[in-house]
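K.L.:
What follows is a single structure, and I will ask about it in a moment.
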Amino acid sequence: MQQLDRIELDLTIEGQLIIDTFQGKFDVKDFVGSVSERLIAQSKTSSGPFDPKPFIRTFEAAVDRLIAIRKDVQTKTEQLEKSVRVSEREYSKKMAELNKGFEGVGSSFSTMENKLNEVGRTAIRMGEKLESVHIERQRAQAAHDLIDYYNQFSRGDTTRLDTLKKEGKGGRREVAVILRRLTTVAKEVDLPNAEKTRENIDKYCEKFEKDMLYLFDKCYRKGDPKMMHHCAQTLLDFNGGTSCVQVYVNQHDFFMNKIREHVDHSDNLWSTISNPDESAPRAESGLTELFGEIRATVAQESQIVQAVFPNPPLVMQVFLQRVFAQSIQQYIEQLLNKGGSISELAYLRILQLIHLETSTLVDDLKKHELPSLTPNRSSSLGAADFRNSLSNIPSAAHGATTTTVSTMLETAMEELFMPYTEGQKYIDRESRSLTDLYASLLNNFTQFHMKTQREKGKATMFDRMVDRLGAAAANTSSTIATSTTSAQAAAAIMRFGSIMTDRAHERTSEEPAREEDGLLGIDTAEKMLQWHAEAVGRCVELTGQNDVSKNTFTLLKVLAEAIASSYLEVAVETAHARIEFADPKAEPSLQALNVINAIDLICHLWQHYVNVALFPLAAASVTIRREMSVFNNQAVSRVEGASNNLLQRLTDAIISWLSLQLGKQKKNDFKPRNDDQSFARVNTEPCVACCDSLEKVRDAAFQALSGKNREVFLAEIGTSFHGLLLDHLRKFPVSATGGLMLAKDLKSYQDTVVSFNVPSLLERYEFIRQLGNVFLVRPEILRSYITENYLGRIDSSLLTPYLAQRSDWVQFENRFNESSEMDDTVSDVATKGLKDRFKIARLSMMMKELEGLKLGDGIAATIPSGIGQNFAVSGRG
């Protein structure tokens with residue numbers, strides 16, 4: 001019954017149920033869809049309910065067919081696996097057999113190799129023995145030939161050598177080798193006729209060398225490089241070829257025709273080279289022309305030397321040594337003599353120019369480095385070495401001169417400049433040049449300040465300087481070799497400053513001094529730094545790397561001596577002398593502030609230059625860098641100290657002048673008799689004079705000083721004047737009307753000082769104004785007034801000397817004192833709190849200090865440490 005339900009599969013389905021369908025890429029969904037596609041279509045066309053039986057029968061038949069296919073596949077797989085296992089066994093068997101065969105072949109080859117090695121070693125031993133026998137035979141033959149030639153020379157017979165020499169190039173080279181060996185043998189032989197034989201050999205050798213040199217010269221004049229090469233090679237084998245090289249170099253047209261007798265004096269550089277404000281020359285026509293000819297000649301000769309000589313580097317070395325020793329050295333000596341006859345600066349600039357041009361020339365000539373074609377031979381080389389060289393076989397002497405040209409050029413340049421730069425020669429000359437230039441630049445400046453100080457009656461500084469410089473200059477003249485930089489600078493200043501021994505004679509012959517000659521100028525400082533920078537550049541160019549730090553330090557000392565000691569400090573000393581010897585009854589000049597301003601600008605410029613240009617050059621030596629920093633800081637500190645002393649002296653002069661003006665206050669200025677006339681005056685005359693002076697100081701300070709320097713200076717002026725006013729108010733009686741005059745004066749003082757823009761002064765002068773108001777307040781409210789504001793911050797007993805100047809003080813003094821005692825008893829706690837609140841203790845101490853200051857006790861003779869600490873130059877090393 002089950003068999004009856006099965007149906008035959010459609011052909012399309014049959015086509016799907018084959019092995020090929022399941023090979024490659026197989027998708028189950030696609031397979032099921034293709035099998036049921038026709039059944040689904042039939043089911044859709046049927047109008048009745050869905051009938052699953054066609055699907056079941058179709059899929060059952062398909063499953064049966066797939067099971068059968070799987071069995072076939074399994075059967076084939078098993079068969080294939082059996083075949084593979086059989087093939088693997090056969091393959092393994094064959095591989096084992098082949099391995100055995102290969103092992104046998106390898107063993108055979110190893111045995112054969114061992115036998116071949118043994119045969120090779122035997123052959124090598126035989127070859128070494130044969131070579132030794134051959135060398136011994138050659139030596140025996142050579143000894144036999146040498147003995148034969150020696151015997152012929154002993155008889156005076158040279159026929160055989162003459163015949164060999166006539167055989168051409170090969171014969172001449174063989175004669176050269178024979179003669180070289182005969183010369184060696186003749187020196188060792190000690191026979192009865194040995195001396196005569198040696199003379200014959202030497203004569204023949206001399207004749208042979210002359211003949212070869214004559215032939216070389218003849219070929220050189222004809223321009224036959226092949227024969228020249230043959231002669232050079234023959235002479236190389238004969239005696240090293242030195243004579244041939246000398247003939248070639250000595251007779252070269254460059255050395256015969258290119259000798260410069262004189263320097264071109266018409267060149268424009270000689271007219272400006274000694275002017276330090278002009279830039280250093282970059283070229284000299286004669287030197288440029290000479291070096292151009294050298295470049296062209298060397299480029300040509302390098303090709304000729306390579307074609308002619310067996311060892312080109314050796315020949316180029318001799319040729320270039322002659323160029324440096326004759327052509328270059330002679331001309332640079334003429335240039336340096338010419339520069340030295342003009343000035344030290346001209347000499348140094350020419351020396352730098354020559355060094356730069358020569359360095360460029362050496363770099364260009366290094367491009368003509370030539371390879372060594374044959375070894376550099378000596379007379380002791382044998383025939384075997386000679387044959388090896390012809391066959392390009394390296395020998396023990398090969399490569400002896402492979403790098404001589406570049407090394408020789410560097411050595412030649414170093415030796416060329418050694419006489420001018422060795423030891424301390426260069427740096428001493430550079431120092432002398434700088435000191436000469438600085439002394440010349442500051443000549444008028446120095447003369448002006450010397451004359452000014454002598455006119456003022458203050459010759460202490462310059463007298464000491466002249467004595468010191470004179471001693472140093474004398475030391476320079478007596479110990480030239482060991483003179484220091486300072487001694488050289490002293491000699492230059494003595495020379496250019498025209499400081500004579502007879503000072504009295506100098507005073508009578510002096511011309512009138514010009515004020516502009518004694519002014520400090522940024523332009524002058526820039527010139528000094530510019531000249532110094534040029535000298536440092538030369539120092540870096542002309543000295544070795546190891547000496548740059550030390551020489552830079554030496555030049556820094558020269559600069560510091562000039563710009564600090566001979567320039568800034570001289571100006572400060574003159575300004576100080578002018579203030580010191582000025583008329584005390586005349587208003588002090590504020591020109592010193594301009595000096596301080598110029599010093600500040602110049603020091604900043606100077607230190608910026610030192611930090612940027614000099615300190616980096618000393619970085620290679622930590623010790624020298626530290627010493628430079630210490631020396632530089634000491635020099636700047638010395639200038640700062642002199643500037644601080646000048647500011648202090650100027651402050652003293654200003655305070656003395658203000659005190660003098662206050663001293664002109666009349667006794668009854670604040671107790672006038674004519675009220676109408678008193679009201680007509682705005683301020684008293686001393687007040688007007690003091691305010692005018694303070695305004696001038698303010699304007700000058702704002703123009704000349706800046707930053708903390710200005711603030712501290714004006715603060716000292718204001719503080720000192722504040723002390724003068726405190727003392728001033730205790731000296732004059734004040735009436736009610738006079739109190740108004742006093743209040744106007746104090747308000748003018750306050751307004752003037754407020755314009756200083758110094759915050760620390762505002763409180764002081766507000767206190768002064770309030771203190772002046774005690775002369776305006778009615779007696780009944782005076783007690784309460786002095787306990788308020790700034791007056792309330794100090795002890796009331798300190799105000800009594802000022803209150804006593806009131807014209808009505810006698811009338812209410814007792815009542816005021818009783819009220820004061822009562823208030824002190826009642827409000828002790830409150831007052832203590834108020835004092836704590838307003839920091840009474842501190843301000844009271846301050847006012848007590850101000851109260852105790854007197855003009856005669858030193859208020860005009862002191863300056864706060866802030867000025868000394870503030871006037872400093874930034875950027876030290």
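In the structure tokens, each chain is lettered A, B, ... as it comes, each chain's residues begin at 1, and ligands are numbered from 1 in order of appearance.
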Please return as number ranges by chain: the residues of stretch 158-267 of chain A that backbone DSSP assigns to helix (DSSP H, G or I).

P.N.:
A: 159-165, 169-188, 194-222, 225-239, 242-250, 253-257

K.L.:
Considering only C-alpha atoms, return as a PyMOL selection string whatever protein or nucleic-acid residues lie within 9 Å of A:Met450, sequence-local ones (same chain, fewer than 3 positions apart) excluded.

P.N.:
chain A and resi 445-447+453-455+459+462+570+574

K.L.:
Keeping only C-alpha atoms, write the selected residues as a CSV table (one decimal), in the first residue's frame.

P.N.:
chain,number,residue,atom,x,y,z
A,445,PHE,CA,85.5,114.3,26.0
A,446,THR,CA,88.4,113.6,28.3
A,447,GLN,CA,90.1,117.0,27.8
A,453,GLN,CA,87.3,119.6,37.1
A,454,ARG,CA,90.5,121.6,37.3
A,455,GLU,CA,88.5,124.8,36.9
A,459,ALA,CA,91.6,117.4,40.3
A,462,PHE,CA,92.1,112.9,37.0
A,570,VAL,CA,84.3,110.5,34.2
A,574,THR,CA,82.5,116.0,36.7

K.L.:
Excluding A:Thr543 and residues on its chain fewer than 2 positions from it, collect all residues at most 12 Å away from it, counting only C-alpha atoms, and give them as a ChimeraX atom specification.

P.N.:
/A:351-352,355,414,417-418,420-427,430,535-541,545-552

K.L.:
Can you measure atom CA of A:Ile147 to atom CA of A:Asp190 for me? One decimal in Å is fine.

P.N.:
13.5 Å

K.L.:
Do you know which residues are at most 12 Å from A:Met628 counting only C-alpha atoms, after dropping those on the same chain fewer than 5 positions away, and could you put them as a PyMOL selection string?

P.N.:
chain A and resi 549-557+560+610-611+614-619+621-623+633-635+876-877

K.L.:
Could the residues in this selection be written to a file with N, CA, C and O atoms, as an mmCIF file, in the first residue's frame?

P.N.:
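Final output, saved to again05.cif:
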data_model
loop_
_atom_site.group_PDB
_atom_site.id
_atom_site.type_symbol
_atom_site.label_atom_id
_atom_site.label_comp_id
_atom_site.auth_asym_id
_atom_site.auth_seq_id
_atom_site.Cartn_x
_atom_site.Cartn_y
_atom_site.Cartn_z
ATOM 1 N N SER A 549 87.082 81.976 23.832
ATOM 2 C CA SER A 549 86.551 82.411 25.138
ATOM 3 C C SER A 549 87.531 83.345 25.839
ATOM 4 O O SER A 549 87.147 84.414 26.334
ATOM 5 N N LYS A 550 88.800 82.942 25.890
ATOM 6 C CA LYS A 550 89.804 83.753 26.588
ATOM 7 C C LYS A 550 89.980 85.111 25.911
ATOM 8 O O LYS A 550 90.032 86.153 26.586
ATOM 9 N N ASN A 551 90.043 85.131 24.578
ATOM 10 C CA ASN A 551 90.242 86.394 23.875
ATOM 11 C C ASN A 551 89.014 87.295 23.969
ATOM 12 O O ASN A 551 89.136 88.521 24.016
ATOM 13 N N THR A 552 87.833 86.694 23.974
ATOM 14 C CA THR A 552 86.612 87.489 24.149
ATOM 15 C C THR A 552 86.613 88.181 25.512
ATOM 16 O O THR A 552 86.212 89.345 25.642
ATOM 17 N N PHE A 553 87.068 87.482 26.533
ATOM 18 C CA PHE A 553 87.169 88.076 27.874
ATOM 19 C C PHE A 553 88.150 89.248 27.872
ATOM 20 O O PHE A 553 87.907 90.296 28.492
ATOM 21 N N THR A 554 89.266 89.078 27.161
ATOM 22 C CA THR A 554 90.246 90.164 27.071
ATOM 23 C C THR A 554 89.623 91.404 26.422
ATOM 24 O O THR A 554 89.814 92.534 26.888
ATOM 25 N N LEU A 555 88.889 91.197 25.335
ATOM 26 C CA LEU A 555 88.251 92.334 24.657
ATOM 27 C C LEU A 555 87.143 92.939 25.515
ATOM 28 O O LEU A 555 86.883 94.142 25.437
ATOM 29 N N LEU A 556 86.476 92.122 26.332
ATOM 30 C CA LEU A 556 85.463 92.662 27.248
ATOM 31 C C LEU A 556 86.108 93.609 28.258
ATOM 32 O O LEU A 556 85.538 94.648 28.609
ATOM 33 N N LYS A 557 87.307 93.265 28.722
ATOM 34 C CA LYS A 557 88.007 94.146 29.661
ATOM 35 C C LYS A 557 88.324 95.491 29.009
ATOM 36 O O LYS A 557 88.211 96.542 29.646
ATOM 37 N N ALA A 560 85.057 97.448 28.877
ATOM 38 C CA ALA A 560 84.656 97.944 30.198
ATOM 39 C C ALA A 560 85.545 99.095 30.646
ATOM 40 O O ALA A 560 85.072 100.074 31.236
ATOM 41 N N VAL A 610 76.536 92.818 25.709
ATOM 42 C CA VAL A 610 77.350 91.798 26.385
ATOM 43 C C VAL A 610 76.599 90.474 26.459
ATOM 44 O O VAL A 610 77.162 89.397 26.194
ATOM 45 N N ASN A 611 75.319 90.529 26.808
ATOM 46 C CA ASN A 611 74.538 89.292 26.951
ATOM 47 C C ASN A 611 74.304 88.597 25.622
ATOM 48 O O ASN A 611 74.329 87.365 25.531
ATOM 49 N N LEU A 614 78.629 88.617 23.571
ATOM 50 C CA LEU A 614 79.884 88.177 24.177
ATOM 51 C C LEU A 614 79.734 86.904 25.011
ATOM 52 O O LEU A 614 80.539 85.977 24.874
ATOM 53 N N PHE A 615 78.729 86.865 25.877
ATOM 54 C CA PHE A 615 78.593 85.695 26.743
ATOM 55 C C PHE A 615 78.431 84.390 25.970
ATOM 56 O O PHE A 615 79.004 83.370 26.356
ATOM 57 N N PRO A 616 77.648 84.343 24.875
ATOM 58 C CA PRO A 616 77.558 83.067 24.128
ATOM 59 C C PRO A 616 78.900 82.577 23.604
ATOM 60 O O PRO A 616 79.101 81.371 23.466
ATOM 61 N N LEU A 617 79.831 83.490 23.312
ATOM 62 C CA LEU A 617 81.136 83.068 22.796
ATOM 63 C C LEU A 617 81.983 82.390 23.870
ATOM 64 O O LEU A 617 82.938 81.676 23.542
ATOM 65 N N ALA A 618 81.645 82.612 25.137
ATOM 66 C CA ALA A 618 82.398 81.992 26.232
ATOM 67 C C ALA A 618 81.708 80.755 26.773
ATOM 68 O O ALA A 618 82.118 80.219 27.805
ATOM 69 N N ALA A 619 80.683 80.280 26.098
ATOM 70 C CA ALA A 619 79.923 79.132 26.598
ATOM 71 C C ALA A 619 80.772 77.864 26.656
ATOM 72 O O ALA A 619 80.492 76.958 27.444
ATOM 73 N N SER A 621 83.710 77.474 27.777
ATOM 74 C CA SER A 621 84.526 77.413 28.994
ATOM 75 C C SER A 621 83.699 77.928 30.173
ATOM 76 O O SER A 621 83.395 79.128 30.250
ATOM 77 N N VAL A 622 83.344 77.039 31.060
ATOM 78 C CA VAL A 622 82.516 77.436 32.206
ATOM 79 C C VAL A 622 83.278 78.398 33.119
ATOM 80 O O VAL A 622 82.716 79.369 33.632
ATOM 81 N N THR A 623 84.568 78.152 33.286
ATOM 82 C CA THR A 623 85.367 79.008 34.182
ATOM 83 C C THR A 623 85.450 80.432 33.650
ATOM 84 O O THR A 623 85.207 81.405 34.385
ATOM 85 N N ASN A 633 79.658 92.243 36.143
ATOM 86 C CA ASN A 633 78.810 92.736 37.238
ATOM 87 C C ASN A 633 79.551 93.752 38.098
ATOM 88 O O ASN A 633 78.962 94.738 38.563
ATOM 89 N N GLN A 634 80.837 93.527 38.319
ATOM 90 C CA GLN A 634 81.618 94.485 39.104
ATOM 91 C C GLN A 634 81.723 95.827 38.385
ATOM 92 O O GLN A 634 81.615 96.893 39.006
ATOM 93 N N ALA A 635 81.933 95.777 37.054
ATOM 94 C CA ALA A 635 82.035 97.025 36.299
ATOM 95 C C ALA A 635 80.720 97.805 36.355
ATOM 96 O O ALA A 635 80.701 99.025 36.565
ATOM 97 N N ARG A 876 72.301 91.716 33.559
ATOM 98 C CA ARG A 876 73.680 91.291 33.783
ATOM 99 C C ARG A 876 73.798 89.795 33.555
ATOM 100 O O ARG A 876 72.837 89.056 33.579
ATOM 101 N N GLY A 877 75.062 89.358 33.349
ATOM 102 C CA GLY A 877 75.266 87.932 33.060
ATOM 103 C C GLY A 877 75.196 87.090 34.308
ATOM 104 O O GLY A 877 75.621 87.428 35.347
#

K.L.:
Separation of atom CA of A:Ala598 and atom CA of A:Lys585, in Å?

P.N.:
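Separation between atom CA of A:Ala598 and atom CA of A:Lys585: 28.0 Å.
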
K.L.:
Compile the contact shell of A:Tyr567 as a PyMOL selection string: residues with an atom at most 12 Å away, counting only C-alpha atoms, same-chain residues fewer than 5 positions apart removed.

P.N.:
chain A and resi 438-439+441-449+493+517-522+524-525+528+559-562+572-574+595+598-599+602-603+639

K.L.:
From the set A:Ile794, A:Leu782, A:Leu724, A:Val612, which residue has the shortest atom-to-atom contact distance to A:Leu660, counting only C-alpha atoms?

P.N.:
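Closest to A:Leu660 of all the choices is A:Leu724.
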
K.L.:
Take atom CA of A:Ala346 and atom CA of A:Ile273 and report the distance between them in Å, one decimal.

P.N.:
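Taking atom CA of A:Ala346 and atom CA of A:Ile273, their separation equals 5.4 Å.
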
K.L.:
Could you pull the residues within 8 Å of A:Ala575, counting only C-alpha atoms, minus those fewer than 4 positions along the same chain, as a PDB file with C-alpha atoms, in the first residue's frame?

P.N.:
ATOM      1  CA  ALA A 571      81.003 112.199  33.397  1.00  0.00           C
ATOM      2  CA  ILE A 579      77.406 120.205  42.338  1.00  0.00           C
ATOM      3  CA  GLN A 591      72.005 118.758  34.640  1.00  0.00           C
ATOM      4  CA  ALA A 592      73.114 115.764  36.719  1.00  0.00           C
ATOM      5  CA  VAL A 595      73.833 112.520  33.054  1.00  0.00           C
ATOM      6  CA  LEU A 646      75.642 111.602  42.270  1.00  0.00           C
TER       7      LEU A 646
END

K.L.:
Between A:Tyr331, A:Val133, A:Glu167, A:Ala715, which is the closest to A:Phe291 once you count only C-alpha atoms?

P.N.:
A:Tyr331

K.L.:
From the set A:Val682, A:Leu694, A:Leu605, A:Ile178, which residue has the shortest atom-to-atom contact distance to A:Glu587, counting only C-alpha atoms?

P.N.:
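Checking each candidate against A:Glu587, we get A:Leu694 as the closest.
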
K.L.:
A:Asp745: which residues within 8 Å, counting only C-alpha atoms, same-chain residues fewer than 5 positions away excluded, as a list in words?

P.N.:
Asn683, Thr684 and Cys687 of chain A

K.L.:
Could the residues in this selection be saved with C-alpha atoms as an mmCIF file, in the first residue's frame?

P.N.:
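Output contents, as saved in again.cif:
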data_model
loop_
_atom_site.group_PDB
_atom_site.id
_atom_site.type_symbol
_atom_site.label_atom_id
_atom_site.label_comp_id
_atom_site.auth_asym_id
_atom_site.auth_seq_id
_atom_site.Cartn_x
_atom_site.Cartn_y
_atom_site.Cartn_z
ATOM 1 C CA ASN A 683 51.413 133.016 48.653
ATOM 2 C CA THR A 684 54.454 134.139 50.500
ATOM 3 C CA CYS A 687 56.481 129.432 49.182
#
